[in-house]
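**Student:** Before I ask anything, let me first share the structure, which is written out below as structure tokens.
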Amino acid sequence: MHSTDLTHINHNRDYRLISPRAYTTFRHASVHAVTCIREPLKHWREPMNSLFNDGLDDLQPRGWRQRSGGVPWIPGNVDQIMDGLFSLLESIRSDGAVDRPFVWEHTGAGTTVRSALHSMGSCGLVHRPDRKGYTSVTLEGAHALETRDSAYLIKVFHANVKFIGEALSLLREGRTHGELNDAARDLYQLQWTTLDQVRRRTSWFRAAGLVDLWKGSNRAILTDLGIRVCQELVIINPADLPGLRRDNTESISLSAPGPLLAGELQRLDRQRLTSRKPQIGYIAGGSSVAAIRTIVNMMSPEVERSAFLALCAEQLDVKESSADQSLHTLRLLGLIEQTGPRTYAPTDICLEWLSTDQAVDLVRILHSKVSMVGEVLHALPHGGETSAVFQWLRNTFPQNPIGRAEVSKRLLLLQEAGLAERITHTAYTITTLGQTFAASIPTMEITPLEVQADESSFEATPPSNPSASFKTLAHEVVEAATDSANPARFEKALATCFGSLGIEVEPHGGPKKTDLCLVFWNSPTERRRVIVEAKTDGAGIINEDDVKFDALEEHRKHHQAEQVIIIGPGFGGRLPGWAKDKGIPLITAEEVSRWLIRAERIRLLPRDFFRIITAAKVADTAACPDEWDTAERGLESVHRVAHALWESGNDGKEIEYSGGALTVRDIWRTKKESALDPSEIQAALDFLSSPLVRGASVSKSGEYVAASAPSLVAARLRCLADGIDQGIPTLPTPGSRTTASFQGGSVREEVDKSAIASALPAQVRAWARSNGRPVSVAGRLPHSLVAEYLAAQQ
């Protein structure tokens with residue numbers, strides 16, 4: 001290692017990324033280097049290298065589950081891949097930025113460092129990129145680069161990748177690629193459907209001089225060097241492999257959930273399963289078991305919100321806005337709760353998980369809150385590739401679509417919990433423990449999609465069922481963002497999304513034109529215009545080369561808009577910094593899909609979306625949840641206040657004491673665990689006691705009593721919504737089935753009860769959807785809707 005490498009590690013604090021043993025070696029070496037810095041390099045380089053080599057030569061393989069399933073891929077033939085690998089390592093050592101161009105040696109193929117790293121996998125030569133888009137060569141990678149020792153390189157692969165030394169040991173007597181693949185399947189349960197992975201391994205062996213390929217018989221066999229290297233490796237015994245399926249395997253013990261978690265799983269009926277969150281959400285540090293454990297422990301036993309935000313910024317190197325979004329995500333996942341106006345703590349069910357520290361318990365919690373967690377395990381026997389898992393889930397559960405990125409998140413969590421095993425870069429298999437786990441939890445019923453719609457024929461018109469529309473659009477906008485061969489699809493999806501959210505859309509498109517222009521109707525005298533630049537990319541990253549800022553400014557002036565926004569699958573390189581300097585928000589397709597999912601629960605106004613869009617900071621779209629939180633808290637406060645009044649109005653002691661009446665202070669005390677502010681309670685009471693709602697009554701002394709059950713109040717609000725949207729239907733003749741009139745500000749309906757009873761709810765709902773009428777998927781149908789249906793049948 002060069003002295004400049006020592007300086008780079010010291011100044012950039014890269015020692016945080018290496019093991020304690022390697023860091024100790026580094027400290028001794030750097031101290032020795034500093035004491036001899038005034039002497040010629042020959043006085044200290046040799047002892048320093050020996051210190052490093054003592055630690056680097058003793059490579060201990062990672063546990064089988066922790067090893068990667070895929071070996072690195074480098075373009076070129078057997079004689080070229082070593083030089084190609086070393087040229088990549090040399091390039092990374094000189095410049096750690098991952099979103100810059102890179103050209104493969106020999107082939108001349110152009111790519112980016114990030115894409116090249118993706119094809120490398122987790123082979124132990126390079127660190128994973130950090131949040132700022134930089135990486136560095138590991139100590140093992142630097143040693144291999146300095147020595148160009150190909151045998152040492154294979155040892156590094158063996159320590160980090162499955163079936164390296166194991167494959168070498170099987171080649172003592174010579175095997176064909178087919179025989180080697182059969183052994184990988186039968187002995188090590190690596191379910192490779194092609195010979196690609198074994199051919200990659202033998203290519204590296206041949207490039208390192210460890211294996212020869214007998215062309216006559218097409219059999220690979222060890223050389224003398226290969227035999228010596230194989231003797232130095234620690235080869236795992238197939239009988240000792242953890243959690244893999246074997247014919248003679250003993251039963252795998254699955255730890256039972258705690259009482260709180262067991263009760264939560266028992267309550268997972270069909271309705272709860274279908275209403276789970278579609279996405280895990282943003283969590284600072286990632287959505288791994290270790291990251292979630294770390295961030296939850298920050299809040300134990302209780303923490304002030306400001307202290308938590310500062311702690312995340314210090315320890316996880318994230319912005320406070322990102323930490324705030326993590327807080328919101330963990331609340332929705334049921335892992336933390338608000339214990340006071342500004343304090344938070346882990347929930348009881350989360351503390352139960354922390355006490356056992358079992359990763360499967362966290363998976364159980366997430367399964368109860370997030371869709372398609374346990375269901376992913378059922379997809380693995382149908383195809384281990386991530387794309388196949390995604391397609392199976394999409395066809396089997398069409399009513400709960402999730403994106404490919406969400407599938408990958410779930411697979412990584414299941415792998416970490418030992419429920420799934422990674423066999424290649426993109427392929428997984430279910431473990432015996434995973435099979436036991438899948439059978440122990442309630443999951444969605446399998447309802448295959450009979451007719452698979454062609455994605456290219458997606459129409460920019462929302463379905464008649466709003467709920468289905470939002471779920472369909474949320475899935476489509478994420479998928480279309482990476483369909484770089486069809487950019488018009490993404491533009492059409494965005495136009496439909498914003499239109500469904502109540503924003504006026506002017507489609508343009510075409511060469512030298514803006515893609516969309518959004519018009520936000522804020523008041524009769526105020527309309528705000530925003531132009532949208534829609535960008536697609538197959539790899540999911542838009543960089544500075546894909547955006548022409550001067551052209552965007554021309555479009556903004558031409559359409560008299562006050563803001564430009566860029567929407568794409570993801571952003572990297574120098575684009576976030578450049579966009580921030582120019583005041584242009586970057587919004588991901590994933591963020592737009594989250595807006596649609598949240599719109600199922602509560603709708604925002606165009607002015608709210610304008611504030612969200614223009615407040616979105618570059619590279620931090622998680623920074624704008626306030627409008628949603630405010631609206632959702634208002635909805636939650638009405639729910640809690642209505643039920644508090646109803647409970648008091650049916651409590652014998654409360655009736656005897658106060659006639660069932662409550663003040664704002666009384667409700668605040670009874671609902672203290674929900675941390676509602678008195679102002680929020682008062683706003684909910686004002687709404688419930690309004691003349692149109694009439695869900696509560698207020699006395700002269702300022703006390704409130706329930707006027708009807710919450711379910712009846714909700715039914716009345718549904719009728720009011722129908723009335724606002726469609727008006728009150730006036731039927732042709734007074735003597736027919738229904739007569740509707742408006743008297744004294746209230747609606748009076750005389751409905752033929754026998755006709756109402758004869759109308760099948762399924763027929764009414766089908767008619768309502770086909771005519772664009774909003775209708776619930778379950779529950780009692782409004783009489784006005786049934787009456788309108790009956791009138792249409794005459």
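Order determines the names: the first chain of the structure tokens is A, the second B, and so forth; residues in each chain are numbered 1 upward, and ligands are numbered 1 upward as they are shown.
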Please list as a PyMOL selection string every residue within 7 Å of segment 253-263 of chain A, counting only C-alpha atoms and excluding residues in the same chain fewer than 5 positions away.

**Tutor:** chain A and resi 349+352+361+433

**Student:** Write the selection just made, keeping N, CA and C atoms, as a PDB file, in the first residue's frame?

**Tutor:**
```pdb
ATOM      1  N   ILE A 349     -44.923  -4.266  21.691  1.00  0.00           N
ATOM      2  CA  ILE A 349     -44.619  -5.391  20.797  1.00  0.00           C
ATOM      3  C   ILE A 349     -43.191  -5.291  20.275  1.00  0.00           C
ATOM      4  N   GLU A 352     -40.927  -6.435  23.013  1.00  0.00           N
ATOM      5  CA  GLU A 352     -40.953  -7.898  23.066  1.00  0.00           C
ATOM      6  C   GLU A 352     -39.962  -8.476  22.063  1.00  0.00           C
ATOM      7  N   ASP A 361     -38.906 -12.515  14.557  1.00  0.00           N
ATOM      8  CA  ASP A 361     -39.961 -11.748  15.213  1.00  0.00           C
ATOM      9  C   ASP A 361     -40.168 -10.400  14.535  1.00  0.00           C
ATOM     10  N   LEU A 433     -36.185 -23.496   7.350  1.00  0.00           N
ATOM     11  CA  LEU A 433     -36.750 -22.608   8.362  1.00  0.00           C
ATOM     12  C   LEU A 433     -37.810 -21.699   7.739  1.00  0.00           C
TER      13      LEU A 433
END
```

**Student:** When DSSP works through the backbone of this structure, what residues of segment 315-347 of chain A end up as helix (DSSP H, G or I), shown as a PyMOL selection string?

**Tutor:** chain A and resi 315+320-332

**Student:** Based on the selection just made, write all heavy atoms of those residues as a compact mmCIF listing (two decimals), in the first residue's frame.

**Tutor:**
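The file below, again.txt, is the result:
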```txt
# COMPACT_ATOMS: atom_id res chain seq x y z
N GLN A 315 -25.09 10.04 14.15
CA GLN A 315 -24.63 8.65 14.06
C GLN A 315 -24.88 8.02 12.70
O GLN A 315 -24.15 7.13 12.28
CB GLN A 315 -25.30 7.81 15.15
CG GLN A 315 -24.89 8.21 16.56
CD GLN A 315 -25.30 7.17 17.59
OE1 GLN A 315 -25.73 6.07 17.26
NE2 GLN A 315 -25.18 7.51 18.86
N GLU A 320 -31.97 15.89 9.16
CA GLU A 320 -33.04 15.80 10.14
C GLU A 320 -34.37 15.46 9.48
O GLU A 320 -35.21 14.78 10.06
CB GLU A 320 -33.15 17.10 10.94
CG GLU A 320 -32.02 17.31 11.93
CD GLU A 320 -32.32 18.42 12.93
OE1 GLU A 320 -33.37 19.08 12.76
OE2 GLU A 320 -31.53 18.61 13.86
N SER A 321 -34.57 15.96 8.26
CA SER A 321 -35.81 15.65 7.55
C SER A 321 -35.92 14.15 7.28
O SER A 321 -37.01 13.58 7.36
CB SER A 321 -35.88 16.43 6.24
OG SER A 321 -34.76 16.15 5.43
N SER A 322 -34.80 13.51 6.96
CA SER A 322 -34.80 12.06 6.73
C SER A 322 -35.06 11.31 8.03
O SER A 322 -35.78 10.30 8.05
CB SER A 322 -33.48 11.61 6.12
OG SER A 322 -33.28 12.21 4.86
N ALA A 323 -34.49 11.79 9.11
CA ALA A 323 -34.74 11.18 10.42
C ALA A 323 -36.21 11.33 10.81
O ALA A 323 -36.82 10.42 11.38
CB ALA A 323 -33.84 11.81 11.48
N ASP A 324 -36.80 12.48 10.48
CA ASP A 324 -38.21 12.71 10.77
C ASP A 324 -39.09 11.76 9.98
O ASP A 324 -40.09 11.23 10.48
CB ASP A 324 -38.57 14.17 10.43
CG ASP A 324 -39.88 14.59 11.08
OD1 ASP A 324 -40.26 13.99 12.10
OD2 ASP A 324 -40.52 15.54 10.58
N GLN A 325 -38.72 11.50 8.71
CA GLN A 325 -39.47 10.54 7.91
C GLN A 325 -39.33 9.14 8.48
O GLN A 325 -40.28 8.35 8.45
CB GLN A 325 -38.98 10.57 6.45
CG GLN A 325 -39.68 9.60 5.53
CD GLN A 325 -41.15 9.91 5.32
OE1 GLN A 325 -41.63 10.95 5.77
NE2 GLN A 325 -41.87 9.03 4.66
N SER A 326 -38.15 8.80 9.01
CA SER A 326 -37.96 7.50 9.65
C SER A 326 -38.89 7.36 10.85
O SER A 326 -39.46 6.29 11.10
CB SER A 326 -36.51 7.34 10.10
OG SER A 326 -35.62 7.47 9.02
N LEU A 327 -39.05 8.45 11.59
CA LEU A 327 -39.94 8.46 12.74
C LEU A 327 -41.37 8.12 12.30
O LEU A 327 -42.06 7.31 12.91
CB LEU A 327 -39.90 9.84 13.39
CG LEU A 327 -40.33 9.98 14.85
CD1 LEU A 327 -39.39 9.22 15.76
CD2 LEU A 327 -40.35 11.46 15.24
N HIS A 328 -41.78 8.74 11.21
CA HIS A 328 -43.12 8.50 10.67
C HIS A 328 -43.27 7.05 10.21
O HIS A 328 -44.29 6.39 10.49
CB HIS A 328 -43.37 9.46 9.50
CG HIS A 328 -44.70 9.28 8.85
ND1 HIS A 328 -45.88 9.69 9.43
CD2 HIS A 328 -45.04 8.72 7.66
CE1 HIS A 328 -46.89 9.40 8.62
NE2 HIS A 328 -46.41 8.81 7.54
N THR A 329 -42.26 6.51 9.54
CA THR A 329 -42.31 5.13 9.05
C THR A 329 -42.40 4.15 10.21
O THR A 329 -43.21 3.21 10.18
CB THR A 329 -41.06 4.83 8.21
OG1 THR A 329 -41.06 5.69 7.06
CG2 THR A 329 -41.06 3.38 7.75
N LEU A 330 -41.58 4.33 11.24
CA LEU A 330 -41.57 3.40 12.37
C LEU A 330 -42.89 3.42 13.13
O LEU A 330 -43.31 2.40 13.69
CB LEU A 330 -40.41 3.73 13.30
CG LEU A 330 -39.00 3.49 12.71
CD1 LEU A 330 -37.93 4.02 13.65
CD2 LEU A 330 -38.78 2.02 12.42
N ARG A 331 -43.55 4.58 13.16
CA ARG A 331 -44.88 4.64 13.79
C ARG A 331 -45.89 3.82 12.99
O ARG A 331 -46.68 3.07 13.55
CB ARG A 331 -45.35 6.09 13.88
CG ARG A 331 -44.63 6.93 14.93
CD ARG A 331 -45.22 8.32 15.01
NE ARG A 331 -46.60 8.31 15.46
CZ ARG A 331 -47.40 9.38 15.46
NH1 ARG A 331 -46.95 10.54 14.99
NH2 ARG A 331 -48.64 9.30 15.90
N LEU A 332 -45.86 3.96 11.67
CA LEU A 332 -46.79 3.21 10.84
C LEU A 332 -46.52 1.70 10.91
O LEU A 332 -47.44 0.89 10.75
CB LEU A 332 -46.70 3.68 9.39
CG LEU A 332 -47.19 5.11 9.12
CD1 LEU A 332 -47.00 5.46 7.65
CD2 LEU A 332 -48.66 5.28 9.51
```

**Student:** Taking only C-alpha atoms into account, produce a table as JSON lines in which each residue of segment 537-591 of chain A with an atom at most 12 Å from an atom of segment 495-500 of chain A appears once, together with its shortest atom pair and the distance in Å to one decimal, ordered by chain and rising number.

**Tutor:**
```
{"residue": "A:Ile567", "atom": "CA", "partner": "A:Ala495", "partner_atom": "CA", "distance": 11.9}
{"residue": "A:Ala589", "atom": "CA", "partner": "A:Cys497", "partner_atom": "CA", "distance": 10.6}
{"residue": "A:Glu591", "atom": "CA", "partner": "A:Cys497", "partner_atom": "CA", "distance": 11.7}
```

**Student:** Create the file for the chosen residues now, containing all heavy atoms and written as a compact mmCIF listing (two decimals), in the first residue's frame.

**Tutor:**
```
# COMPACT_ATOMS: atom_id res chain seq x y z
N ILE A 567 -38.99 14.49 -12.56
CA ILE A 567 -39.46 13.24 -11.97
C ILE A 567 -38.80 12.09 -12.70
O ILE A 567 -38.81 12.04 -13.94
CB ILE A 567 -41.00 13.12 -12.05
CG1 ILE A 567 -41.68 14.34 -11.40
CG2 ILE A 567 -41.47 11.83 -11.37
CD1 ILE A 567 -43.19 14.29 -11.45
N ALA A 589 -40.23 8.55 -8.83
CA ALA A 589 -41.51 7.90 -9.14
C ALA A 589 -42.06 7.18 -7.91
O ALA A 589 -43.27 7.09 -7.72
CB ALA A 589 -41.31 6.91 -10.29
N GLU A 591 -41.87 8.26 -4.91
CA GLU A 591 -42.56 9.26 -4.09
C GLU A 591 -43.95 9.55 -4.63
O GLU A 591 -44.91 9.67 -3.87
CB GLU A 591 -41.72 10.55 -4.05
CG GLU A 591 -42.29 11.64 -3.15
CD GLU A 591 -42.20 11.32 -1.68
OE1 GLU A 591 -41.50 10.35 -1.32
OE2 GLU A 591 -42.82 12.03 -0.88
```

**Student:** Which residues of segment 576-667 of chain A come within 10 Å of segment 529-542 of chain A, and for each one, what is the closest pair of atoms and their distance in Å to one decimal, counting only C-alpha atoms, sorted by chain and residue number, as CSV?

**Tutor:**
```
residue,atom,partner,partner_atom,distance
A:Pro576,CA,A:Ile542,CA,9.7
A:Leu586,CA,A:Glu533,CA,9.8
A:Ile587,CA,A:Ala534,CA,9.9
A:Thr588,CA,A:Lys535,CA,9.8
A:Ala589,CA,A:Ala534,CA,9.5
A:Phe610,CA,A:Val530,CA,8.7
A:Ile613,CA,A:Val530,CA,9.3
A:Thr614,CA,A:Val530,CA,9.1
```

**Student:** Report the distance between atom CA of Ser699 of chain A and atom CA of Ala684 of chain A in Å, rounded to one decimal place.

**Tutor:**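 Atom-to-atom, atom CA of Ser699 of chain A to atom CA of Ala684 of chain A, that is 16.1 Å.
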